[in-house]
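Visitor: Below you'll find input.pdb; it's PDB, N, CA and C atoms.
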ATOM      1  N   MET A  16      32.732  32.716-107.107  1.00  0.00           N
ATOM      2  CA  MET A  16      32.004  33.803-106.492  1.00  0.00           C
ATOM      3  C   MET A  16      31.016  33.220-105.476  1.00  0.00           C
ATOM      4  N   SER A  17      30.995  33.784-104.287  1.00  0.00           N
ATOM      5  CA  SER A  17      30.141  33.259-103.225  1.00  0.00           C
ATOM      6  C   SER A  17      28.714  33.805-103.366  1.00  0.00           C
ATOM      7  N   PRO A  18      27.730  33.037-102.889  1.00  0.00           N
ATOM      8  CA  PRO A  18      26.338  33.507-102.975  1.00  0.00           C
ATOM      9  C   PRO A  18      26.126  34.699-102.041  1.00  0.00           C
ATOM     10  N   PRO A  19      25.159  35.552-102.360  1.00  0.00           N
ATOM     11  CA  PRO A  19      24.899  36.717-101.500  1.00  0.00           C
ATOM     12  C   PRO A  19      24.361  36.267-100.145  1.00  0.00           C
ATOM     13  N   PRO A  20      24.587  37.052 -99.097  1.00  0.00           N
ATOM     14  CA  PRO A  20      24.079  36.665 -97.773  1.00  0.00           C
ATOM     15  C   PRO A  20      22.555  36.684 -97.767  1.00  0.00           C
ATOM     16  N   PRO A  21      21.959  35.814 -96.964  1.00  0.00           N
ATOM     17  CA  PRO A  21      20.485  35.771 -96.921  1.00  0.00           C
ATOM     18  C   PRO A  21      19.920  37.068 -96.335  1.00  0.00           C
ATOM     19  N   THR A  22      18.789  37.476 -96.857  1.00  0.00           N
ATOM     20  CA  THR A  22      18.153  38.687 -96.343  1.00  0.00           C
ATOM     21  C   THR A  22      17.396  38.342 -95.068  1.00  0.00           C
ATOM     22  N   PRO A  23      17.422  39.231 -94.085  1.00  0.00           N
ATOM     23  CA  PRO A  23      16.717  38.939 -92.825  1.00  0.00           C
ATOM     24  C   PRO A  23      15.206  38.930 -93.037  1.00  0.00           C
ATOM     25  N   ARG A  24      14.524  38.069 -92.276  1.00  0.00           N
ATOM     26  CA  ARG A  24      13.068  37.989 -92.368  1.00  0.00           C
ATOM     27  C   ARG A  24      12.436  39.206 -91.715  1.00  0.00           C
ATOM     28  N   ALA A  25      11.323  39.631 -92.238  1.00  0.00           N
ATOM     29  CA  ALA A  25      10.588  40.748 -91.648  1.00  0.00           C
ATOM     30  C   ALA A  25       9.990  40.309 -90.314  1.00  0.00           C
ATOM     31  N   LYS A  26       9.995  41.218 -89.341  1.00  0.00           N
ATOM     32  CA  LYS A  26       9.449  40.897 -88.019  1.00  0.00           C
ATOM     33  C   LYS A  26       7.921  40.856 -88.109  1.00  0.00           C
ATOM     34  N   LEU A  27       7.331  39.874 -87.477  1.00  0.00           N
ATOM     35  CA  LEU A  27       5.886  39.688 -87.488  1.00  0.00           C
ATOM     36  C   LEU A  27       5.243  40.608 -86.455  1.00  0.00           C
ATOM     37  N   ASP A  28       4.250  41.367 -86.854  1.00  0.00           N
ATOM     38  CA  ASP A  28       3.532  42.253 -85.941  1.00  0.00           C
ATOM     39  C   ASP A  28       2.370  41.469 -85.337  1.00  0.00           C
ATOM     40  N   VAL A  29       2.561  40.979 -84.117  1.00  0.00           N
ATOM     41  CA  VAL A  29       1.593  40.098 -83.475  1.00  0.00           C
ATOM     42  C   VAL A  29       0.308  40.847 -83.128  1.00  0.00           C
ATOM     43  N   VAL A  30       0.424  42.091 -82.674  1.00  0.00           N
ATOM     44  CA  VAL A  30      -0.767  42.872 -82.309  1.00  0.00           C
ATOM     45  C   VAL A  30      -1.657  43.079 -83.534  1.00  0.00           C
ATOM     46  N   ALA A  31      -1.055  43.415 -84.650  1.00  0.00           N
ATOM     47  CA  ALA A  31      -1.836  43.596 -85.875  1.00  0.00           C
ATOM     48  C   ALA A  31      -2.479  42.282 -86.309  1.00  0.00           C
ATOM     49  N   LEU A  32      -1.780  41.179 -86.128  1.00  0.00           N
ATOM     50  CA  LEU A  32      -2.339  39.873 -86.485  1.00  0.00           C
ATOM     51  C   LEU A  32      -3.551  39.542 -85.626  1.00  0.00           C
ATOM     52  N   VAL A  33      -3.450  39.758 -84.313  1.00  0.00           N
ATOM     53  CA  VAL A  33      -4.554  39.452 -83.406  1.00  0.00           C
ATOM     54  C   VAL A  33      -5.763  40.327 -83.717  1.00  0.00           C
ATOM     55  N   PHE A  34      -5.550  41.642 -83.862  1.00  0.00           N
ATOM     56  CA  PHE A  34      -6.667  42.521 -84.195  1.00  0.00           C
ATOM     57  C   PHE A  34      -7.258  42.176 -85.557  1.00  0.00           C
ATOM     58  N   GLY A  35      -6.431  41.810 -86.502  1.00  0.00           N
ATOM     59  CA  GLY A  35      -6.922  41.412 -87.818  1.00  0.00           C
ATOM     60  C   GLY A  35      -7.804  40.185 -87.761  1.00  0.00           C
ATOM     61  N   LEU A  36      -7.396  39.190 -86.953  1.00  0.00           N
ATOM     62  CA  LEU A  36      -8.212  37.980 -86.816  1.00  0.00           C
ATOM     63  C   LEU A  36      -9.540  38.269 -86.126  1.00  0.00           C
ATOM     64  N   VAL A  37      -9.502  39.101 -85.070  1.00  0.00           N
ATOM     65  CA  VAL A  37     -10.738  39.435 -84.349  1.00  0.00           C
ATOM     66  C   VAL A  37     -11.690  40.224 -85.253  1.00  0.00           C
ATOM     67  N   LEU A  38     -11.157  41.206 -85.963  1.00  0.00           N
ATOM     68  CA  LEU A  38     -12.017  42.017 -86.828  1.00  0.00           C
ATOM     69  C   LEU A  38     -12.507  41.230 -88.046  1.00  0.00           C
ATOM     70  N   THR A  39     -11.721  40.274 -88.509  1.00  0.00           N
ATOM     71  CA  THR A  39     -12.185  39.420 -89.601  1.00  0.00           C
ATOM     72  C   THR A  39     -13.365  38.561 -89.140  1.00  0.00           C
ATOM     73  N   GLY A  40     -13.293  38.050 -87.929  1.00  0.00           N
ATOM     74  CA  GLY A  40     -14.421  37.291 -87.384  1.00  0.00           C
ATOM     75  C   GLY A  40     -15.664  38.144 -87.211  1.00  0.00           C
ATOM     76  N   THR A  41     -15.475  39.388 -86.752  1.00  0.00           N
ATOM     77  CA  THR A  41     -16.602  40.310 -86.607  1.00  0.00           C
ATOM     78  C   THR A  41     -17.229  40.635 -87.959  1.00  0.00           C
ATOM     79  N   ALA A  42     -16.379  40.870 -88.953  1.00  0.00           N
ATOM     80  CA  ALA A  42     -16.888  41.166 -90.294  1.00  0.00           C
ATOM     81  C   ALA A  42     -17.599  39.960 -90.897  1.00  0.00           C
ATOM     82  N   ALA A  43     -17.079  38.772 -90.641  1.00  0.00           N
ATOM     83  CA  ALA A  43     -17.734  37.565 -91.152  1.00  0.00           C
ATOM     84  C   ALA A  43     -19.106  37.379 -90.511  1.00  0.00           C
ATOM     85  N   ALA A  44     -19.214  37.663 -89.209  1.00  0.00           N
ATOM     86  CA  ALA A  44     -20.514  37.558 -88.536  1.00  0.00           C
ATOM     87  C   ALA A  44     -21.491  38.598 -89.079  1.00  0.00           C
ATOM     88  N   ALA A  45     -21.010  39.816 -89.336  1.00  0.00           N
ATOM     89  CA  ALA A  45     -21.876  40.853 -89.891  1.00  0.00           C
ATOM     90  C   ALA A  45     -22.335  40.486 -91.300  1.00  0.00           C
ATOM     91  N   LEU A  46     -21.436  39.925 -92.094  1.00  0.00           N
ATOM     92  CA  LEU A  46     -21.809  39.503 -93.448  1.00  0.00           C
ATOM     93  C   LEU A  46     -22.833  38.370 -93.398  1.00  0.00           C
ATOM     94  N   TRP A  47     -22.619  37.417 -92.508  1.00  0.00           N
ATOM     95  CA  TRP A  47     -23.571  36.316 -92.348  1.00  0.00           C
ATOM     96  C   TRP A  47     -24.941  36.855 -91.947  1.00  0.00           C
ATOM     97  N   LEU A  48     -24.947  37.803 -91.015  1.00  0.00           N
ATOM     98  CA  LEU A  48     -26.196  38.381 -90.539  1.00  0.00           C
ATOM     99  C   LEU A  48     -26.929  39.119 -91.655  1.00  0.00           C
ATOM    100  N   SER A  49     -26.191  39.813 -92.520  1.00  0.00           N
ATOM    101  CA  SER A  49     -26.846  40.566 -93.590  1.00  0.00           C
ATOM    102  C   SER A  49     -27.305  39.666 -94.741  1.00  0.00           C
ATOM    103  N   VAL A  50     -26.610  38.573 -94.981  1.00  0.00           N
ATOM    104  CA  VAL A  50     -26.980  37.698 -96.100  1.00  0.00           C
ATOM    105  C   VAL A  50     -28.026  36.670 -95.679  1.00  0.00           C
ATOM    106  N   VAL A  51     -27.767  35.974 -94.593  1.00  0.00           N
ATOM    107  CA  VAL A  51     -28.669  34.898 -94.165  1.00  0.00           C
ATOM    108  C   VAL A  51     -29.813  35.453 -93.332  1.00  0.00           C
ATOM    109  N   GLY A  52     -29.524  36.399 -92.470  1.00  0.00           N
ATOM    110  CA  GLY A  52     -30.579  37.042 -91.707  1.00  0.00           C
ATOM    111  C   GLY A  52     -30.644  36.672 -90.250  1.00  0.00           C
ATOM    112  N   SER A  53     -29.971  35.617 -89.838  1.00  0.00           N
ATOM    113  CA  SER A  53     -30.012  35.262 -88.421  1.00  0.00           C
ATOM    114  C   SER A  53     -28.731  34.540 -88.041  1.00  0.00           C
ATOM    115  N   LEU A  54     -28.388  34.689 -86.776  1.00  0.00           N
ATOM    116  CA  LEU A  54     -27.254  33.963 -86.215  1.00  0.00           C
ATOM    117  C   LEU A  54     -27.765  33.035 -85.129  1.00  0.00           C
ATOM    118  N   ASP A  55     -27.180  31.879 -85.025  1.00  0.00           N
ATOM    119  CA  ASP A  55     -27.537  30.948 -83.965  1.00  0.00           C
ATOM    120  C   ASP A  55     -26.786  31.391 -82.708  1.00  0.00           C
ATOM    121  N   TRP A  56     -27.469  32.139 -81.838  1.00  0.00           N
ATOM    122  CA  TRP A  56     -26.815  32.750 -80.681  1.00  0.00           C
ATOM    123  C   TRP A  56     -26.319  31.712 -79.686  1.00  0.00           C
ATOM    124  N   SER A  57     -26.989  30.579 -79.577  1.00  0.00           N
ATOM    125  CA  SER A  57     -26.510  29.556 -78.643  1.00  0.00           C
ATOM    126  C   SER A  57     -25.163  28.987 -79.112  1.00  0.00           C
ATOM    127  N   LEU A  58     -25.005  28.831 -80.406  1.00  0.00           N
ATOM    128  CA  LEU A  58     -23.733  28.367 -80.946  1.00  0.00           C
ATOM    129  C   LEU A  58     -22.672  29.456 -80.837  1.00  0.00           C
ATOM    130  N   LEU A  59     -23.083  30.697 -81.067  1.00  0.00           N
ATOM    131  CA  LEU A  59     -22.148  31.815 -81.002  1.00  0.00           C
ATOM    132  C   LEU A  59     -21.633  32.036 -79.584  1.00  0.00           C
ATOM    133  N   LYS A  60     -22.466  31.750 -78.583  1.00  0.00           N
ATOM    134  CA  LYS A  60     -22.034  31.883 -77.184  1.00  0.00           C
ATOM    135  C   LYS A  60     -20.914  30.906 -76.852  1.00  0.00           C
ATOM    136  N   THR A  61     -20.855  29.812 -77.558  1.00  0.00           N
ATOM    137  CA  THR A  61     -19.798  28.834 -77.333  1.00  0.00           C
ATOM    138  C   THR A  61     -18.580  29.113 -78.209  1.00  0.00           C
ATOM    139  N   LEU A  62     -18.819  29.444 -79.467  1.00  0.00           N
ATOM    140  CA  LEU A  62     -17.709  29.610 -80.403  1.00  0.00           C
ATOM    141  C   LEU A  62     -16.922  30.904 -80.204  1.00  0.00           C
ATOM    142  N   ALA A  63     -17.574  31.981 -79.802  1.00  0.00           N
ATOM    143  CA  ALA A  63     -16.871  33.260 -79.653  1.00  0.00           C
ATOM    144  C   ALA A  63     -15.779  33.193 -78.586  1.00  0.00           C
ATOM    145  N   PRO A  64     -16.052  32.693 -77.384  1.00  0.00           N
ATOM    146  CA  PRO A  64     -14.953  32.590 -76.404  1.00  0.00           C
ATOM    147  C   PRO A  64     -13.844  31.631 -76.837  1.00  0.00           C
ATOM    148  N   LEU A  65     -14.219  30.529 -77.486  1.00  0.00           N
ATOM    149  CA  LEU A  65     -13.202  29.595 -77.955  1.00  0.00           C
ATOM    150  C   LEU A  65     -12.321  30.229 -79.027  1.00  0.00           C
ATOM    151  N   ALA A  66     -12.929  31.003 -79.912  1.00  0.00           N
ATOM    152  CA  ALA A  66     -12.153  31.683 -80.951  1.00  0.00           C
ATOM    153  C   ALA A  66     -11.225  32.730 -80.336  1.00  0.00           C
ATOM    154  N   LEU A  67     -11.703  33.468 -79.331  1.00  0.00           N
ATOM    155  CA  LEU A  67     -10.849  34.467 -78.685  1.00  0.00           C
ATOM    156  C   LEU A  67      -9.680  33.809 -77.945  1.00  0.00           C
ATOM    157  N   VAL A  68      -9.922  32.677 -77.315  1.00  0.00           N
ATOM    158  CA  VAL A  68      -8.838  31.959 -76.654  1.00  0.00           C
ATOM    159  C   VAL A  68      -7.827  31.459 -77.684  1.00  0.00           C
ATOM    160  N   ALA A  69      -8.309  30.939 -78.800  1.00  0.00           N
ATOM    161  CA  ALA A  69      -7.406  30.458 -79.851  1.00  0.00           C
ATOM    162  C   ALA A  69      -6.561  31.602 -80.411  1.00  0.00           C
ATOM    163  N   VAL A  70      -7.175  32.756 -80.645  1.00  0.00           N
ATOM    164  CA  VAL A  70      -6.423  33.916 -81.142  1.00  0.00           C
ATOM    165  C   VAL A  70      -5.394  34.352 -80.110  1.00  0.00           C
ATOM    166  N   GLY A  71      -5.754  34.321 -78.838  1.00  0.00           N
ATOM    167  CA  GLY A  71      -4.805  34.680 -77.789  1.00  0.00           C
ATOM    168  C   GLY A  71      -3.633  33.723 -77.712  1.00  0.00           C
ATOM    169  N   VAL A  72      -3.896  32.441 -77.840  1.00  0.00           N
ATOM    170  CA  VAL A  72      -2.819  31.440 -77.825  1.00  0.00           C
ATOM    171  C   VAL A  72      -1.899  31.627 -79.028  1.00  0.00           C
ATOM    172  N   ILE A  73      -2.479  31.909 -80.182  1.00  0.00           N
ATOM    173  CA  ILE A  73      -1.669  32.171 -81.376  1.00  0.00           C
ATOM    174  C   ILE A  73      -0.793  33.407 -81.149  1.00  0.00           C
ATOM    175  N   GLY A  74      -1.385  34.449 -80.576  1.00  0.00           N
ATOM    176  CA  GLY A  74      -0.618  35.660 -80.299  1.00  0.00           C
ATOM    177  C   GLY A  74       0.518  35.414 -79.327  1.00  0.00           C
ATOM    178  N   LEU A  75       0.256  34.646 -78.267  1.00  0.00           N
ATOM    179  CA  LEU A  75       1.317  34.320 -77.305  1.00  0.00           C
ATOM    180  C   LEU A  75       2.409  33.470 -77.935  1.00  0.00           C
ATOM    181  N   ALA A  76       2.019  32.517 -78.751  1.00  0.00           N
ATOM    182  CA  ALA A  76       3.006  31.656 -79.387  1.00  0.00           C
ATOM    183  C   ALA A  76       3.894  32.440 -80.353  1.00  0.00           C
ATOM    184  N   LEU A  77       3.307  33.382 -81.074  1.00  0.00           N
ATOM    185  CA  LEU A  77       4.084  34.151 -82.037  1.00  0.00           C
ATOM    186  C   LEU A  77       4.916  35.252 -81.387  1.00  0.00           C
ATOM    187  N   SER A  78       4.547  35.656 -80.176  1.00  0.00           N
ATOM    188  CA  SER A  78       5.306  36.730 -79.536  1.00  0.00           C
ATOM    189  C   SER A  78       6.504  36.221 -78.751  1.00  0.00           C
ATOM    190  N   ARG A  79       6.664  34.905 -78.644  1.00  0.00           N
ATOM    191  CA  ARG A  79       7.838  34.347 -77.956  1.00  0.00           C
ATOM    192  C   ARG A  79       9.093  34.688 -78.718  1.00  0.00           C
ATOM    193  N   ARG A  80      10.120  35.002 -78.001  1.00  0.00           N
ATOM    194  CA  ARG A  80      11.400  35.308 -78.636  1.00  0.00           C
ATOM    195  C   ARG A  80      12.215  34.027 -78.735  1.00  0.00           C
ATOM    196  N   SER A  81      12.807  33.836 -79.888  1.00  0.00           N
ATOM    197  CA  SER A  81      13.648  32.654 -80.050  1.00  0.00           C
ATOM    198  C   SER A  81      15.047  32.958 -79.500  1.00  0.00           C
ATOM    199  N   PRO A  82      15.707  31.971 -78.899  1.00  0.00           N
ATOM    200  CA  PRO A  82      17.014  32.229 -78.291  1.00  0.00           C
ATOM    201  C   PRO A  82      18.106  32.501 -79.292  1.00  0.00           C
TER     202      PRO A  82
END
Would you write out, as structure tokens, the structure that this file holds?
Guide:
Amino acid sequence: MSPPPPTPRAKLDVVALVFGLVLTGTAAAALWLSVVGSLDWSLLKTLAPLALVAVGVIGLALSRRSP
């Protein structure tokens, strides 16, 4: 008896992933602000754009179609 055919993988929703990562970062900053009481804005000015670029690169990489 032959093994059953493999089940197809679920398609990854890249838009939901990108929004999820951005909103998770926003929620983490809000939690930090409520627990600790302050954010280092000079550090945040550097890290926020870098994080958005990283999320964008991840989104572009995952949205590529394989041949």
Visitor: Quick one: distance from CA of Gly71 (chain A) to CA of Val29 (chain A) in Å, one decimal?
Guide: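 Taking CA of Gly71 (chain A) as the start and CA of Val29 (chain A) as the end point, the length is 10.1 Å.
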Visitor: Pick out the residues sitting within 7 Å of region 31-43 of chain A, and hand them over as a list in words; count all atoms listed in the file, and ignore anything fewer than 5 positions along from it in its own chain.
Guide: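 Answer for this query is Leu48, Val70, Gly71 and Gly74 of chain A.
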Visitor: Using 8 Å of padding on each side, determine the axis-aligned box around all atoms of region 20-29 of chain A present in the file and give its centre and edge lengths in Å to one decimal, as JSON.
Guide:
{"center_x": 12.4, "center_y": 39.0, "center_z": -91.1, "size_x": 40.3, "size_y": 22.5, "size_z": 32.0}
Visitor: Write down as a PyMOL selection string the residues of chain A whose backbone DSSP state falls under helix (DSSP H, G or I).
Guide: chain A and resi 29-50+56-78
Visitor: Please compute the CA of Ala44 (chain A)-CA of Pro64 (chain A) distance, one decimal, in Å.
Guide: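 Separation between CA of Ala44 (chain A) and CA of Pro64 (chain A): 14.2 Å.
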Visitor: What does the structure give for the distance between atom C of Val30 (chain A) and atom C of Leu75 (chain A), in Å to one decimal?
Guide: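 So the two atoms, atom C of Val30 (chain A) and atom C of Leu75 (chain A), lie 11.8 Å apart.
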